[in-house]
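Undergrad: Shown below is the structure under consideration.
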Amino acid sequence: MTTILETAKALRARQVSSAELTEAAIQQIHKINPKLNAFITVTEDLARQQAKAADEALARGVDHGPLQGIPVAVKDMFSTKGIRTTCGSALFTNHVPDTDAAVVEKLAGAGAVLLGKTGMHELAYGITSNNPHFGAVRNPWDTERIPGGSSGGSGAAVVAGLVFMAMGSDTGGSIRIPASFCGTVGLKPTSGRVSRYGTMPLDFSLDHMGPLARTVRDAALTLEAIAGFDQRDDTSSRVPPSKYVPDAAPSIRGLRIGLAHNFYMERIDPDAGAAVVRMAEMAEKLGAHVTQVRVPDILALNTVGRVILLVEASALMERHMNQRDKFGPDVLALLDQGRLLPATDYVNAQRLRRVMQREFNQLWSQIDCLLTPTTPMAAPRIGENTVPLGDATDDVRLAATRLVRGINVLGLPALSIPCGLDRRGLPLGLQIIGKAFNEAGVLRVGAALEDATDHHRLTPPA
Amino acid sequence: MKDWKKIADAHNLAIPDADLDRIRPGLDQLEAAFRPLAGSVPHETEPAITFVIPPEAAE
């Protein structure tokens, strides 16, 4: 599969047109989407118009950058003017926004071609993307397995070659989990780095927007297109964006990389742990200093994150709770839990968040980034509620979020890249966590490891 | 452990008994994990979400 960067060159060399790329993508969606259910809405007509405009602009010498003329998709929680935006919920089946989300505006400004809205876990509140209203999204590596979630359609669409990039959102791992389970790259930027304006929120203080793509550089160039201050989003940061696309031969020589000897390597599938250790060894070969570090109490951090998410999501959905039949059972259960927690617990969770942020930030005096598995295991089967891990059996949702949820509480940038296959031939992900607003550093490490391995070139069986 | 049914009733949340039964183990587990943490917060710690008057309000 080609990358955005390669295709952007081909477009400018007139070896291919955006109209041809778009038509091929539409044909692929017609052929493959019935098996995967990766899209809720396909915007064929809009895509053809945008592709024609991109070709005409390039012919006139108007160049908006590498996304121009590239077929992309957005998760069905990004508002799209005149195009229904369901958030995977029966509550919003016929919701047609009258404005575009900031990210959709920015992608259009960069000349990207919007092919549609991807499937997701109901209300972005879960990790299976087994949606009771729009059907289960299926993993291209094994259609009996979940793609992860909540941005499951975005992960499935990218790895199946239906689009070059698809936007996702991440409140407790919802970009990185599908990236890990589908074998794509997924980037959760720093809190405030990408505007949330026009997205259908799951949560006020944990939601992050970011891309799923085939390579680190494709995720990086997408971030360059969508990052920046937006006064319409109260959490938007005024820290200026930087250059994110790593150089052709990025050096990580001398970089201090941490590998946690506590928590992150415990209660995980041995294949997931071994894959991360191999990537750390590769980083060492590339000149990085890999050291074992002890991370603060991530279980406590996850607990704090759960309290915050449960309460904020329930506050958001409270006005819909008289329509209990409009929710799937798993989402309803989470919303009910959030309604039962006292306000004092919520405030104290937000106070603990400050304490834990200070504790975790001390790590950055020892290391520049932290490597962990993204998920403790590869994709479970659709309908599976528990997974065996170590000596115990874990709830699938809690297991899948265990290594990623805390990073949303801290608001730090985190990248998931493919790091190999497990014994069953299913993809595994490596998570690279960095300091706030150091997306460039995280992406540089990701690109160096990607260049030195071929995990990102692995594709699902036909 | 907390009596979640009494809490639901007191807040008039109209959560059916069967649904309450289903979420009780998760709530009990969260309560057991969170309560000691909540008791450990240093007194002077502000929450991560605080009210800030935007600069334009002063203009």
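FYI, nothing fancy with the structure tokens labels: chains A, B, ... in order, residues from 1 per chain, ligands from 1 as they appear.
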Could you write out, as a JSON list (two decimals) with N, CA and C atoms, in the first residue's frame, all the residues of segment 113-344 of chain A that DSSP marks as helix (DSSP H, G or I)?
TA:
[["chain", "number", "residue", "atom", "x", "y", "z"],
["A", 122, "GLU", "N", -20.60, 3.05, 19.86],
["A", 122, "GLU", "CA", -21.70, 3.96, 20.18],
["A", 122, "GLU", "C", -21.21, 5.10, 21.09],
["A", 123, "LEU", "N", -21.42, 6.33, 20.65],
["A", 123, "LEU", "CA", -21.07, 7.54, 21.41],
["A", 123, "LEU", "C", -19.58, 7.62, 21.76],
["A", 124, "ALA", "N", -18.76, 6.82, 21.08],
["A", 124, "ALA", "CA", -17.32, 6.76, 21.36],
["A", 124, "ALA", "C", -17.04, 6.23, 22.77],
["A", 152, "GLY", "N", -12.96, 2.43, 15.62],
["A", 152, "GLY", "CA", -12.72, 1.17, 14.94],
["A", 152, "GLY", "C", -12.85, 1.25, 13.44],
["A", 153, "GLY", "N", -13.83, 2.01, 12.96],
["A", 153, "GLY", "CA", -14.00, 2.15, 11.51],
["A", 153, "GLY", "C", -12.81, 2.84, 10.87],
["A", 154, "SER", "N", -12.22, 3.79, 11.59],
["A", 154, "SER", "CA", -11.06, 4.51, 11.05],
["A", 154, "SER", "C", -9.87, 3.56, 10.92],
["A", 155, "GLY", "N", -9.63, 2.74, 11.95],
["A", 155, "GLY", "CA", -8.53, 1.78, 11.88],
["A", 155, "GLY", "C", -8.74, 0.76, 10.77],
["A", 156, "ALA", "N", -9.98, 0.24, 10.68],
["A", 156, "ALA", "CA", -10.27, -0.78, 9.66],
["A", 156, "ALA", "C", -10.14, -0.20, 8.26],
["A", 157, "ALA", "N", -10.64, 1.04, 8.06],
["A", 157, "ALA", "CA", -10.60, 1.66, 6.73],
["A", 157, "ALA", "C", -9.17, 1.91, 6.27],
["A", 158, "VAL", "N", -8.30, 2.31, 7.20],
["A", 158, "VAL", "CA", -6.91, 2.60, 6.82],
["A", 158, "VAL", "C", -6.17, 1.30, 6.49],
["A", 159, "VAL", "N", -6.29, 0.29, 7.35],
["A", 159, "VAL", "CA", -5.50, -0.92, 7.12],
["A", 159, "VAL", "C", -6.04, -1.73, 5.94],
["A", 176, "ARG", "N", -5.49, 4.88, 19.82],
["A", 176, "ARG", "CA", -4.35, 3.96, 19.92],
["A", 176, "ARG", "C", -4.78, 2.50, 19.97],
["A", 177, "ILE", "N", -5.94, 2.21, 20.57],
["A", 177, "ILE", "CA", -6.39, 0.81, 20.63],
["A", 177, "ILE", "C", -6.70, 0.27, 19.23],
["A", 178, "PRO", "N", -7.50, 0.96, 18.41],
["A", 178, "PRO", "CA", -7.70, 0.44, 17.05],
["A", 178, "PRO", "C", -6.42, 0.44, 16.22],
["A", 179, "ALA", "N", -5.52, 1.40, 16.48],
["A", 179, "ALA", "CA", -4.23, 1.37, 15.77],
["A", 179, "ALA", "C", -3.50, 0.07, 16.11],
["A", 180, "SER", "N", -3.50, -0.30, 17.38],
["A", 180, "SER", "CA", -2.82, -1.51, 17.81],
["A", 180, "SER", "C", -3.50, -2.76, 17.24],
["A", 181, "PHE", "N", -4.81, -2.83, 17.36],
["A", 181, "PHE", "CA", -5.54, -4.03, 16.92],
["A", 181, "PHE", "C", -5.57, -4.18, 15.39],
["A", 182, "CYS", "N", -5.51, -3.04, 14.67],
["A", 182, "CYS", "CA", -5.59, -3.10, 13.20],
["A", 182, "CYS", "C", -4.22, -3.04, 12.53],
["A", 216, "VAL", "N", 4.12, 6.66, 10.13],
["A", 216, "VAL", "CA", 4.33, 7.75, 11.09],
["A", 216, "VAL", "C", 4.34, 9.09, 10.36],
["A", 217, "ARG", "N", 5.02, 9.15, 9.21],
["A", 217, "ARG", "CA", 5.10, 10.42, 8.49],
["A", 217, "ARG", "C", 3.72, 10.87, 7.99],
["A", 218, "ASP", "N", 2.87, 9.92, 7.60],
["A", 218, "ASP", "CA", 1.51, 10.29, 7.17],
["A", 218, "ASP", "C", 0.71, 10.85, 8.35],
["A", 219, "ALA", "N", 0.90, 10.27, 9.54],
["A", 219, "ALA", "CA", 0.22, 10.81, 10.72],
["A", 219, "ALA", "C", 0.78, 12.20, 11.03],
["A", 220, "ALA", "N", 2.11, 12.36, 10.87],
["A", 220, "ALA", "CA", 2.76, 13.63, 11.18],
["A", 220, "ALA", "C", 2.30, 14.74, 10.24],
["A", 221, "LEU", "N", 2.20, 14.43, 8.95],
["A", 221, "LEU", "CA", 1.79, 15.49, 8.02],
["A", 221, "LEU", "C", 0.31, 15.84, 8.23],
["A", 222, "THR", "N", -0.47, 14.88, 8.70],
["A", 222, "THR", "CA", -1.86, 15.19, 9.04],
["A", 222, "THR", "C", -1.90, 16.12, 10.24],
["A", 223, "LEU", "N", -1.06, 15.83, 11.23],
["A", 223, "LEU", "CA", -1.01, 16.71, 12.40],
["A", 223, "LEU", "C", -0.62, 18.13, 11.99],
["A", 224, "GLU", "N", 0.32, 18.25, 11.07],
["A", 224, "GLU", "CA", 0.72, 19.59, 10.60],
["A", 224, "GLU", "C", -0.49, 20.33, 10.01],
["A", 225, "ALA", "N", -1.38, 19.58, 9.38],
["A", 225, "ALA", "CA", -2.55, 20.22, 8.74],
["A", 225, "ALA", "C", -3.63, 20.60, 9.75],
["A", 226, "ILE", "N", -3.73, 19.87, 10.86],
["A", 226, "ILE", "CA", -4.89, 20.08, 11.76],
["A", 226, "ILE", "C", -4.53, 20.74, 13.08],
["A", 270, "PRO", "N", 2.57, -12.49, 26.52],
["A", 270, "PRO", "CA", 4.03, -12.52, 26.34],
["A", 270, "PRO", "C", 4.46, -12.03, 24.96],
["A", 271, "ASP", "N", 3.66, -12.27, 23.94],
["A", 271, "ASP", "CA", 4.01, -11.81, 22.59],
["A", 271, "ASP", "C", 4.06, -10.28, 22.53],
["A", 272, "ALA", "N", 3.12, -9.63, 23.24],
["A", 272, "ALA", "CA", 3.08, -8.16, 23.25],
["A", 272, "ALA", "C", 4.32, -7.61, 23.95],
["A", 273, "GLY", "N", 4.70, -8.24, 25.05],
["A", 273, "GLY", "CA", 5.89, -7.80, 25.78],
["A", 273, "GLY", "C", 7.15, -8.02, 24.96],
["A", 274, "ALA", "N", 7.26, -9.19, 24.32],
["A", 274, "ALA", "CA", 8.46, -9.51, 23.54],
["A", 274, "ALA", "C", 8.60, -8.54, 22.36],
["A", 275, "ALA", "N", 7.47, -8.18, 21.74],
["A", 275, "ALA", "CA", 7.52, -7.26, 20.60],
["A", 275, "ALA", "C", 8.04, -5.89, 21.03],
["A", 276, "VAL", "N", 7.63, -5.43, 22.20],
["A", 276, "VAL", "CA", 8.08, -4.13, 22.70],
["A", 276, "VAL", "C", 9.58, -4.18, 23.05],
["A", 277, "VAL", "N", 10.01, -5.28, 23.66],
["A", 277, "VAL", "CA", 11.44, -5.41, 23.99],
["A", 277, "VAL", "C", 12.27, -5.40, 22.70],
["A", 278, "ARG", "N", 11.78, -6.06, 21.65],
["A", 278, "ARG", "CA", 12.53, -6.06, 20.38],
["A", 278, "ARG", "C", 12.63, -4.64, 19.82],
["A", 279, "MET", "N", 11.57, -3.86, 19.95],
["A", 279, "MET", "CA", 11.62, -2.47, 19.46],
["A", 279, "MET", "C", 12.59, -1.65, 20.31],
["A", 280, "ALA", "N", 12.63, -1.90, 21.61],
["A", 280, "ALA", "CA", 13.58, -1.19, 22.47],
["A", 280, "ALA", "C", 15.01, -1.55, 22.09],
["A", 281, "GLU", "N", 15.23, -2.83, 21.78],
["A", 281, "GLU", "CA", 16.57, -3.25, 21.34],
["A", 281, "GLU", "C", 16.94, -2.57, 20.03],
["A", 282, "MET", "N", 15.96, -2.42, 19.16],
["A", 282, "MET", "CA", 16.21, -1.73, 17.89],
["A", 282, "MET", "C", 16.58, -0.27, 18.16],
["A", 283, "ALA", "N", 15.86, 0.36, 19.10],
["A", 283, "ALA", "CA", 16.17, 1.75, 19.44],
["A", 283, "ALA", "C", 17.61, 1.86, 19.94],
["A", 284, "GLU", "N", 18.05, 0.86, 20.72],
["A", 284, "GLU", "CA", 19.42, 0.85, 21.23],
["A", 284, "GLU", "C", 20.43, 0.73, 20.08],
["A", 285, "LYS", "N", 20.10, -0.15, 19.11],
["A", 285, "LYS", "CA", 20.98, -0.30, 17.93],
["A", 285, "LYS", "C", 21.10, 1.01, 17.17],
["A", 298, "ILE", "N", 0.18, 3.72, 37.89],
["A", 298, "ILE", "CA", -0.70, 3.90, 36.73],
["A", 298, "ILE", "C", -2.10, 3.33, 37.01],
["A", 299, "LEU", "N", -2.16, 2.31, 37.88],
["A", 299, "LEU", "CA", -3.49, 1.78, 38.25],
["A", 299, "LEU", "C", -4.31, 2.87, 38.92],
["A", 300, "ALA", "N", -3.67, 3.65, 39.79],
["A", 300, "ALA", "CA", -4.36, 4.76, 40.45],
["A", 300, "ALA", "C", -4.75, 5.82, 39.43],
["A", 301, "LEU", "N", -3.84, 6.08, 38.51],
["A", 301, "LEU", "CA", -4.12, 7.05, 37.44],
["A", 301, "LEU", "C", -5.34, 6.61, 36.63],
["A", 302, "ASN", "N", -5.39, 5.30, 36.31],
["A", 302, "ASN", "CA", -6.53, 4.77, 35.57],
["A", 302, "ASN", "C", -7.82, 4.91, 36.36],
["A", 303, "THR", "N", -7.75, 4.68, 37.65],
["A", 303, "THR", "CA", -8.94, 4.81, 38.50],
["A", 303, "THR", "C", -9.45, 6.25, 38.46],
["A", 304, "VAL", "N", -8.53, 7.18, 38.58],
["A", 304, "VAL", "CA", -8.90, 8.60, 38.50],
["A", 304, "VAL", "C", -9.54, 8.90, 37.14],
["A", 305, "GLY", "N", -8.94, 8.37, 36.10],
["A", 305, "GLY", "CA", -9.48, 8.57, 34.74],
["A", 305, "GLY", "C", -10.88, 8.00, 34.60],
["A", 306, "ARG", "N", -11.11, 6.85, 35.21],
["A", 306, "ARG", "CA", -12.44, 6.24, 35.12],
["A", 306, "ARG", "C", -13.49, 7.11, 35.82],
["A", 307, "VAL", "N", -13.15, 7.63, 36.99],
["A", 307, "VAL", "CA", -14.11, 8.48, 37.72],
["A", 307, "VAL", "C", -14.43, 9.73, 36.88],
["A", 308, "ILE", "N", -13.39, 10.36, 36.35],
["A", 308, "ILE", "CA", -13.60, 11.59, 35.56],
["A", 308, "ILE", "C", -14.47, 11.29, 34.34],
["A", 309, "LEU", "N", -14.12, 10.22, 33.61],
["A", 309, "LEU", "CA", -14.88, 9.90, 32.40],
["A", 309, "LEU", "C", -16.32, 9.52, 32.73],
["A", 310, "LEU", "N", -16.51, 8.68, 33.72],
["A", 310, "LEU", "CA", -17.87, 8.24, 34.06],
["A", 310, "LEU", "C", -18.76, 9.45, 34.36],
["A", 311, "VAL", "N", -18.24, 10.38, 35.15],
["A", 311, "VAL", "CA", -19.07, 11.52, 35.57],
["A", 311, "VAL", "C", -19.28, 12.50, 34.41],
["A", 312, "GLU", "N", -18.21, 12.83, 33.70],
["A", 312, "GLU", "CA", -18.35, 13.82, 32.62],
["A", 312, "GLU", "C", -19.26, 13.29, 31.51],
["A", 313, "ALA", "N", -19.09, 12.03, 31.14],
["A", 313, "ALA", "CA", -19.93, 11.47, 30.07],
["A", 313, "ALA", "C", -21.40, 11.42, 30.51],
["A", 314, "SER", "N", -21.62, 11.06, 31.77],
["A", 314, "SER", "CA", -23.01, 10.99, 32.25],
["A", 314, "SER", "C", -23.63, 12.38, 32.33],
["A", 315, "ALA", "N", -22.83, 13.38, 32.71],
["A", 315, "ALA", "CA", -23.35, 14.76, 32.74],
["A", 315, "ALA", "C", -23.76, 15.18, 31.34],
["A", 316, "LEU", "N", -22.94, 14.82, 30.36],
["A", 316, "LEU", "CA", -23.24, 15.18, 28.97],
["A", 316, "LEU", "C", -24.52, 14.53, 28.46],
["A", 317, "MET", "N", -24.74, 13.29, 28.84],
["A", 317, "MET", "CA", -25.86, 12.54, 28.29],
["A", 317, "MET", "C", -27.10, 12.56, 29.19],
["A", 318, "GLU", "N", -27.03, 13.27, 30.32],
["A", 318, "GLU", "CA", -28.12, 13.23, 31.30],
["A", 318, "GLU", "C", -29.47, 13.56, 30.68],
["A", 319, "ARG", "N", -29.48, 14.53, 29.77],
["A", 319, "ARG", "CA", -30.78, 14.95, 29.22],
["A", 319, "ARG", "C", -31.40, 13.89, 28.30],
["A", 320, "HIS", "N", -30.60, 12.88, 27.95],
["A", 320, "HIS", "CA", -31.14, 11.81, 27.09],
["A", 320, "HIS", "C", -31.50, 10.55, 27.89],
["A", 324, "ARG", "N", -33.96, 5.39, 27.52],
["A", 324, "ARG", "CA", -33.02, 4.31, 27.79],
["A", 324, "ARG", "C", -32.95, 3.30, 26.65],
["A", 325, "ASP", "N", -34.03, 3.17, 25.90],
["A", 325, "ASP", "CA", -34.04, 2.21, 24.78],
["A", 325, "ASP", "C", -33.17, 2.68, 23.61],
["A", 326, "LYS", "N", -32.68, 3.89, 23.67],
["A", 326, "LYS", "CA", -31.83, 4.39, 22.57],
["A", 326, "LYS", "C", -30.35, 4.07, 22.79],
["A", 329, "PRO", "N", -26.61, -1.81, 25.68],
["A", 329, "PRO", "CA", -26.48, -2.17, 27.10],
["A", 329, "PRO", "C", -25.15, -1.78, 27.73],
["A", 330, "ASP", "N", -24.05, -1.87, 26.99],
["A", 330, "ASP", "CA", -22.76, -1.54, 27.61],
["A", 330, "ASP", "C", -22.63, -0.05, 27.87],
["A", 331, "VAL", "N", -23.11, 0.76, 26.95],
["A", 331, "VAL", "CA", -23.03, 2.22, 27.12],
["A", 331, "VAL", "C", -23.99, 2.66, 28.22],
["A", 332, "LEU", "N", -25.16, 2.09, 28.23],
["A", 332, "LEU", "CA", -26.14, 2.43, 29.27],
["A", 332, "LEU", "C", -25.58, 2.11, 30.66],
["A", 333, "ALA", "N", -24.90, 0.99, 30.77],
["A", 333, "ALA", "CA", -24.32, 0.60, 32.06],
["A", 333, "ALA", "C", -23.29, 1.63, 32.53],
["A", 334, "LEU", "N", -22.46, 2.11, 31.61],
["A", 334, "LEU", "CA", -21.46, 3.12, 31.98],
["A", 334, "LEU", "C", -22.13, 4.43, 32.36],
["A", 335, "LEU", "N", -23.15, 4.81, 31.60],
["A", 335, "LEU", "CA", -23.84, 6.08, 31.90],
["A", 335, "LEU", "C", -24.53, 6.01, 33.26],
["A", 336, "ASP", "N", -25.12, 4.85, 33.58],
["A", 336, "ASP", "CA", -25.76, 4.70, 34.90],
["A", 336, "ASP", "C", -24.72, 4.76, 36.01],
["A", 337, "GLN", "N", -23.58, 4.15, 35.78],
["A", 337, "GLN", "CA", -22.52, 4.20, 36.82],
["A", 337, "GLN", "C", -22.11, 5.64, 37.11],
["A", 338, "GLY", "N", -21.94, 6.42, 36.06],
["A", 338, "GLY", "CA", -21.52, 7.81, 36.24],
["A", 338, "GLY", "C", -22.53, 8.64, 37.00],
["A", 339, "ARG", "N", -23.82, 8.30, 36.85],
["A", 339, "ARG", "CA", -24.86, 9.08, 37.53],
["A", 339, "ARG", "C", -24.88, 8.79, 39.03],
["A", 340, "LEU", "N", -24.28, 7.67, 39.42],
["A", 340, "LEU", "CA", -24.32, 7.28, 40.83],
["A", 340, "LEU", "C", -23.10, 7.75, 41.62],
["A", 343, "ALA", "N", -20.54, 14.08, 43.48],
["A", 343, "ALA", "CA", -19.77, 15.22, 42.96],
["A", 343, "ALA", "C", -18.43, 15.34, 43.68],
["A", 344, "THR", "N", -18.39, 14.99, 44.95],
["A", 344, "THR", "CA", -17.13, 15.08, 45.70],
["A", 344, "THR", "C", -16.08, 14.15, 45.10]]
Undergrad: Applying 12 Å and only C-alpha atoms, which residues near Pro25 of chain B remain after dropping the ones on its own chain fewer than 6 positions away? List them as a VMD selection string.
TA: (chain A and resid 333 337) or (chain B and resid 1 to 4 19 31 to 32)
Undergrad: Hey, which bits of chain B sit within 9 Å of chain A, and for each residue what's the closest pair of atoms and how far apart in Å (one decimal), counting only C-alpha atoms, rows by chain and increasing number, as a tab-separated table?
TA:
residue	atom	partner	partner_atom	distance
B:Trp4	CA	A:Leu340	CA	7.2
B:Ile7	CA	A:Leu340	CA	6.8
B:Ala8	CA	A:Leu340	CA	6.5
B:His11	CA	A:Leu340	CA	8.5
B:Leu13	CA	A:Arg339	CA	7.9
B:Ala14	CA	A:Asn322	CA	8.8
B:Ile15	CA	A:Asp336	CA	7.3
B:Asp19	CA	A:Ala333	CA	7.1
B:Leu20	CA	A:Asp336	CA	8.1
B:Arg22	CA	A:Ala333	CA	7.6
B:Ile23	CA	A:Ala333	CA	6.1
B:Arg24	CA	A:Gln337	CA	8.4
B:Gly26	CA	A:Gln337	CA	8.2
B:Leu27	CA	A:Gln337	CA	6.6
B:Leu30	CA	A:Thr303	CA	7.1
B:Ala33	CA	A:Thr303	CA	6.8
B:Phe34	CA	A:Thr303	CA	6.4
B:Arg35	CA	A:Asp345	CA	8.5
B:Leu37	CA	A:Ala300	CA	7.4
B:Ala38	CA	A:Asn348	CA	5.9
B:Gly39	CA	A:Asn348	CA	8.8
B:Ser40	CA	A:Leu352	CA	8.5
B:Val41	CA	A:Leu352	CA	6.2
B:Pro42	CA	A:Val355	CA	8.4
B:Thr45	CA	A:Arg351	CA	5.9
B:Glu46	CA	A:Arg351	CA	5.5
B:Pro47	CA	A:Arg351	CA	3.8
B:Ala48	CA	A:Gln350	CA	5.0
B:Ile49	CA	A:Gln350	CA	6.7
Undergrad: Tell me, as JSON, numbers by chain, which residues lie within 6 Å of segment 434-449 of chain A, counting only C-alpha atoms; anything in the same chain fewer than 2 positions away does not count.
TA: {"A": [190, 216, 244, 246, 250, 369, 412, 413, 451, 452]}
Undergrad: To one decimal place, how far is atom CA of Val62 of chain A from atom CA of Leu187 of chain A in Å?
TA: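 Interatomic distance, atom CA of Val62 of chain A to atom CA of Leu187 of chain A: 28.7 Å.
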Undergrad: Output as a PyMOL selection string all residues of segment 266-295 of chain A that backbone DSSP marks as strand (DSSP E).
TA: chain A and resi 289-293
Undergrad: Using C-alpha atoms, can you export the residues from the last selection as a CSV table (one decimal), in the first residue's frame?
TA:
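Resulting contents of again35.csv:
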chain,number,residue,atom,x,y,z
A,289,HIS,CA,20.1,5.0,25.5
A,290,VAL,CA,17.4,2.6,26.7
A,291,THR,CA,17.0,2.5,30.5
A,292,GLN,CA,14.6,0.6,32.8
A,293,VAL,CA,12.5,3.1,34.7
Undergrad: Tell me, as an NGL selection string, which residues lie within 7 Å of segment 145-149 of chain A, counting only C-alpha atoms; anything in the same chain fewer than 4 positions away does not count.
TA: :A and (120-121 or 126-129 or 137-139 or 155-156 or 174 or 177-178 or 181-182 or 379-382)
Undergrad: Would you mind exporting the chosen residues as an mmCIF file, in the first residue's frame, restricted to N, CA and C atoms?
TA:
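Okay, result26.cif is ready:
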data_model
loop_
_atom_site.group_PDB
_atom_site.id
_atom_site.type_symbol
_atom_site.label_atom_id
_atom_site.label_comp_id
_atom_site.auth_asym_id
_atom_site.auth_seq_id
_atom_site.Cartn_x
_atom_site.Cartn_y
_atom_site.Cartn_z
ATOM 1 N N MET A 120 -18.007 3.450 14.425
ATOM 2 C CA MET A 120 -17.396 3.671 15.741
ATOM 3 C C MET A 120 -18.200 2.976 16.821
ATOM 4 N N HIS A 121 -17.614 2.896 17.995
ATOM 5 C CA HIS A 121 -18.379 2.429 19.143
ATOM 6 C C HIS A 121 -19.448 3.482 19.445
ATOM 7 N N GLY A 126 -16.566 3.145 24.348
ATOM 8 C CA GLY A 126 -16.244 1.719 24.397
ATOM 9 C C GLY A 126 -15.143 1.401 23.417
ATOM 10 N N ILE A 127 -14.670 0.184 23.447
ATOM 11 C CA ILE A 127 -13.470 -0.139 22.654
ATOM 12 C C ILE A 127 -13.693 -1.251 21.640
ATOM 13 N N THR A 128 -14.947 -1.743 21.504
ATOM 14 C CA THR A 128 -15.147 -2.856 20.571
ATOM 15 C C THR A 128 -15.591 -2.406 19.178
ATOM 16 N N SER A 129 -16.280 -1.272 19.082
ATOM 17 C CA SER A 129 -16.934 -0.833 17.830
ATOM 18 C C SER A 129 -17.991 -1.842 17.380
ATOM 19 N N VAL A 137 -18.292 -3.216 13.495
ATOM 20 C CA VAL A 137 -17.164 -2.991 12.590
ATOM 21 C C VAL A 137 -16.229 -4.183 12.760
ATOM 22 N N ARG A 138 -15.666 -4.656 11.654
ATOM 23 C CA ARG A 138 -14.860 -5.886 11.709
ATOM 24 C C ARG A 138 -13.393 -5.604 11.387
ATOM 25 N N ASN A 139 -12.530 -6.399 11.993
ATOM 26 C CA ASN A 139 -11.091 -6.218 11.842
ATOM 27 C C ASN A 139 -10.635 -6.870 10.539
ATOM 28 N N GLY A 155 -9.632 2.739 11.949
ATOM 29 C CA GLY A 155 -8.532 1.778 11.878
ATOM 30 C C GLY A 155 -8.744 0.765 10.768
ATOM 31 N N ALA A 156 -9.976 0.240 10.682
ATOM 32 C CA ALA A 156 -10.270 -0.780 9.660
ATOM 33 C C ALA A 156 -10.141 -0.195 8.256
ATOM 34 N N SER A 174 -8.970 5.561 22.428
ATOM 35 C CA SER A 174 -9.799 5.230 21.262
ATOM 36 C C SER A 174 -9.163 5.468 19.897
ATOM 37 N N ILE A 177 -5.936 2.209 20.567
ATOM 38 C CA ILE A 177 -6.391 0.809 20.632
ATOM 39 C C ILE A 177 -6.698 0.268 19.227
ATOM 40 N N PRO A 178 -7.499 0.958 18.410
ATOM 41 C CA PRO A 178 -7.703 0.440 17.047
ATOM 42 C C PRO A 178 -6.420 0.439 16.223
ATOM 43 N N PHE A 181 -4.811 -2.833 17.357
ATOM 44 C CA PHE A 181 -5.541 -4.031 16.920
ATOM 45 C C PHE A 181 -5.575 -4.178 15.387
ATOM 46 N N CYS A 182 -5.510 -3.041 14.669
ATOM 47 C CA CYS A 182 -5.590 -3.096 13.203
ATOM 48 C C CYS A 182 -4.218 -3.043 12.534
ATOM 49 N N ALA A 379 -6.212 -8.215 19.068
ATOM 50 C CA ALA A 379 -7.665 -8.028 19.023
ATOM 51 C C ALA A 379 -8.442 -9.259 19.503
ATOM 52 N N PRO A 380 -9.338 -9.071 20.469
ATOM 53 C CA PRO A 380 -10.228 -10.172 20.868
ATOM 54 C C PRO A 380 -11.305 -10.431 19.802
ATOM 55 N N ARG A 381 -12.006 -11.539 20.000
ATOM 56 C CA ARG A 381 -13.111 -11.868 19.086
ATOM 57 C C ARG A 381 -14.320 -10.987 19.376
ATOM 58 N N ILE A 382 -15.120 -10.763 18.356
ATOM 59 C CA ILE A 382 -16.371 -10.009 18.535
ATOM 60 C C ILE A 382 -17.249 -10.776 19.529
#
Undergrad: Between atom CA of Asp45 of chain A and atom CA of Pro460 of chain A, what is the distance, to one decimal in Å?
TA: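 Here the two named atoms are 28.9 Å from each other.
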Undergrad: Write out as a list in words the residues lying within 7 Å of segment 14-21 of chain A, counting only C-alpha atoms and excluding same-chain residues fewer than 2 positions away.
TA: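 Neighbouring residues, sequence-local ones excluded: Ala10, Leu11, Arg12, Glu23, Ala24, Ala25, Arg48, Ala51, Lys52, Ala54, Asp55, Gly69 and Ile70 of chain A.
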Undergrad: A:Gly287, A:Gly328, A:Pro373, A:Gly82: which is nearest Ala260 of chain A, counting only C-alpha atoms?
TA: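 Result for the nearest residue to Ala260 of chain A: A:Pro373.
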Undergrad: To one decimal in Å, tell me the separation between atom CA of Arg253 of chain A and atom CA of Gly210 of chain A.
TA: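 One can read the atom CA of Arg253 of chain A to atom CA of Gly210 of chain A distance as 27.6 Å.
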Undergrad: Within 12 Å of Asp394 of chain A, counting only C-alpha atoms, which residues qualify if same-chain residues fewer than 4 places away don't, as a list in words?
TA: Arg267, Ile268, Asp269, Pro376, Met377, Pro380, Glu384, Asn385, Thr386, Val387, Pro388, Leu389, Gly390, Leu398, Ala399, Ala400, Thr401 and Arg402 of chain A
